[in-house]
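Dumped upload_13.cif below, it's mmCIF, C-alpha atoms:
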```
data_query
#
loop_
_atom_site.group_PDB
_atom_site.id
_atom_site.type_symbol
_atom_site.label_atom_id
_atom_site.label_comp_id
_atom_site.auth_asym_id
_atom_site.auth_seq_id
_atom_site.Cartn_x
_atom_site.Cartn_y
_atom_site.Cartn_z
ATOM 1 C CA MET T 708 166.096 134.018 13.271
ATOM 2 C CA SER T 709 163.670 135.405 10.720
ATOM 3 C CA ALA T 710 162.045 138.791 11.210
ATOM 4 C CA PHE T 711 158.596 137.582 10.223
ATOM 5 C CA THR T 712 156.465 134.669 9.087
ATOM 6 C CA MET T 713 154.817 134.586 5.680
ATOM 7 C CA TYR T 714 151.693 132.458 5.463
ATOM 8 C CA SER T 715 151.132 131.183 1.927
ATOM 9 C CA THR T 716 149.933 128.392 -0.338
ATOM 10 C CA PRO T 717 151.910 126.586 -3.066
ATOM 11 C CA TRP T 718 149.578 127.837 -5.821
ATOM 12 C CA CYS T 719 149.446 131.530 -4.810
ATOM 13 C CA GLY T 720 151.033 133.741 -7.467
ATOM 14 C CA TYR T 721 151.275 136.729 -5.120
ATOM 15 C CA CYS T 722 153.090 134.520 -2.599
ATOM 16 C CA HIS T 723 155.620 133.377 -5.213
ATOM 17 C CA ARG T 724 156.236 136.972 -6.296
ATOM 18 C CA LEU T 725 156.775 138.287 -2.750
ATOM 19 C CA LYS T 726 158.930 135.280 -1.828
ATOM 20 C CA GLY T 727 161.203 135.894 -4.818
ATOM 21 C CA GLN T 728 161.479 139.607 -4.060
ATOM 22 C CA LEU T 729 162.332 138.942 -0.412
ATOM 23 C CA LYS T 730 164.992 136.380 -1.335
ATOM 24 C CA ARG T 731 166.573 138.734 -3.898
ATOM 25 C CA ALA T 732 166.604 141.489 -1.242
ATOM 26 C CA GLY T 733 168.303 139.129 1.231
ATOM 27 C CA ILE T 734 165.441 139.362 3.734
ATOM 28 C CA GLU T 735 165.068 136.210 5.826
ATOM 29 C CA PHE T 736 161.637 134.913 6.692
ATOM 30 C CA THR T 737 159.815 131.777 7.748
ATOM 31 C CA GLU T 738 157.215 130.412 5.358
ATOM 32 C CA VAL T 739 154.170 128.431 6.496
ATOM 33 C CA ASP T 740 151.844 126.659 4.040
ATOM 34 C CA ILE T 741 148.330 127.170 5.416
ATOM 35 C CA GLU T 742 147.098 124.108 3.510
ATOM 36 C CA GLN T 743 149.501 121.919 5.517
ATOM 37 C CA VAL T 744 149.120 123.629 8.921
ATOM 38 C CA PRO T 745 145.460 123.968 10.056
ATOM 39 C CA ASP T 746 146.376 126.285 12.963
ATOM 40 C CA ALA T 747 148.065 128.623 10.486
ATOM 41 C CA ALA T 748 144.937 128.715 8.297
ATOM 42 C CA GLU T 749 142.890 129.677 11.365
ATOM 43 C CA LEU T 750 145.348 132.452 12.229
ATOM 44 C CA VAL T 751 145.178 133.844 8.680
ATOM 45 C CA GLU T 752 141.369 133.773 8.844
ATOM 46 C CA LYS T 753 141.395 135.704 12.148
ATOM 47 C CA ILE T 754 143.679 138.377 10.680
ATOM 48 C CA ASN T 755 141.664 138.662 7.434
ATOM 49 C CA ASN T 756 138.057 138.759 8.679
ATOM 50 C CA GLY T 757 137.396 135.065 8.051
ATOM 51 C CA ASN T 758 139.212 134.865 4.709
ATOM 52 C CA GLN T 759 142.255 132.717 3.933
ATOM 53 C CA THR T 760 143.991 135.574 2.131
ATOM 54 C CA VAL T 761 147.656 134.963 1.330
ATOM 55 C CA PRO T 762 150.321 136.087 1.505
ATOM 56 C CA THR T 763 149.711 137.207 5.057
ATOM 57 C CA VAL T 764 152.858 138.406 6.796
ATOM 58 C CA VAL T 765 153.055 138.413 10.609
ATOM 59 C CA PHE T 766 155.913 140.272 12.275
ATOM 60 C CA ALA T 767 157.631 139.499 15.582
ATOM 61 C CA ASP T 768 155.700 142.342 17.274
ATOM 62 C CA GLY T 769 152.402 140.680 16.362
ATOM 63 C CA THR T 770 151.400 143.124 13.634
ATOM 64 C CA ALA T 771 150.315 141.745 10.265
ATOM 65 C CA MET T 772 150.062 142.772 6.613
ATOM 66 C CA THR T 773 148.003 141.120 3.893
ATOM 67 C CA ASN T 774 149.541 140.889 0.408
ATOM 68 C CA PRO T 775 152.186 143.542 1.175
ATOM 69 C CA SER T 776 154.708 144.867 -1.307
ATOM 70 C CA LEU T 777 158.436 144.363 -0.799
ATOM 71 C CA ALA T 778 158.665 148.087 0.019
ATOM 72 C CA GLN T 779 156.003 147.786 2.744
ATOM 73 C CA VAL T 780 157.806 144.835 4.339
ATOM 74 C CA ALA T 781 161.206 146.570 4.157
ATOM 75 C CA GLU T 782 159.737 149.773 5.645
ATOM 76 C CA LYS T 783 158.191 147.824 8.547
ATOM 77 C CA LEU T 784 161.476 145.999 9.225
ATOM 78 C CA ALA T 785 163.406 149.292 9.193
ATOM 79 C CA ALA T 786 161.040 150.924 11.695
#
```
If you took the structure in this file and wrote it as structure tokens, what would it be?
Amino acid sequence: MSAFTMYSTPWCGYCHRLKGQLKRAGIEFTEVDIEQVPDAAELVEKINNGNQTVPTVVFADGTAMTNPSLAQVAEKLAA
């Protein structure tokens, strides 16, 4: 089971960068394309004050980060 869900779009450069960093670090995650899943787009908007800002990362405890660094994600997972 993945530790978090990353909401992204196929054309988002920041999403591609974070995804690559996470994979190289061996951190498992679930990715959801907000352009393909309307409910996911709504969730991202709620988290980001009405904006579809990606990547948005949502952890199992319900907390979220918008455009986090690999270090921020790793720190949260270690906590």
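In this structure, atom CA of Ala747 of chain T sits 23.1 Å away from atom CA of Ala781 of chain T.
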Practice problem: Would you kindly translate the PyMOL selection byres ((chain T and resi 751) around 10) into the concrete residues it picks from this file, as number ranges by chain? | Solution: T: 714-715, 741, 745-750, 752-765, 771, 773
Self-check item: Output of the PyMOL selection byres ((chain T and resi 718-735) around 10), listed as a list in words
Solution: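 Selected by the PyMOL selection byres ((chain T and resi 718-735) around 10) here: Met708, Ser709, Ala710, Phe711, Thr712, Met713, Tyr714, Ser715, Thr716, Pro717, Phe736, Thr737, Glu738, Thr760, Val761, Pro762, Thr763, Asn774, Pro775, Ser776, Leu777, Ala778, Val780, Ala781 and Leu784 of chain T.
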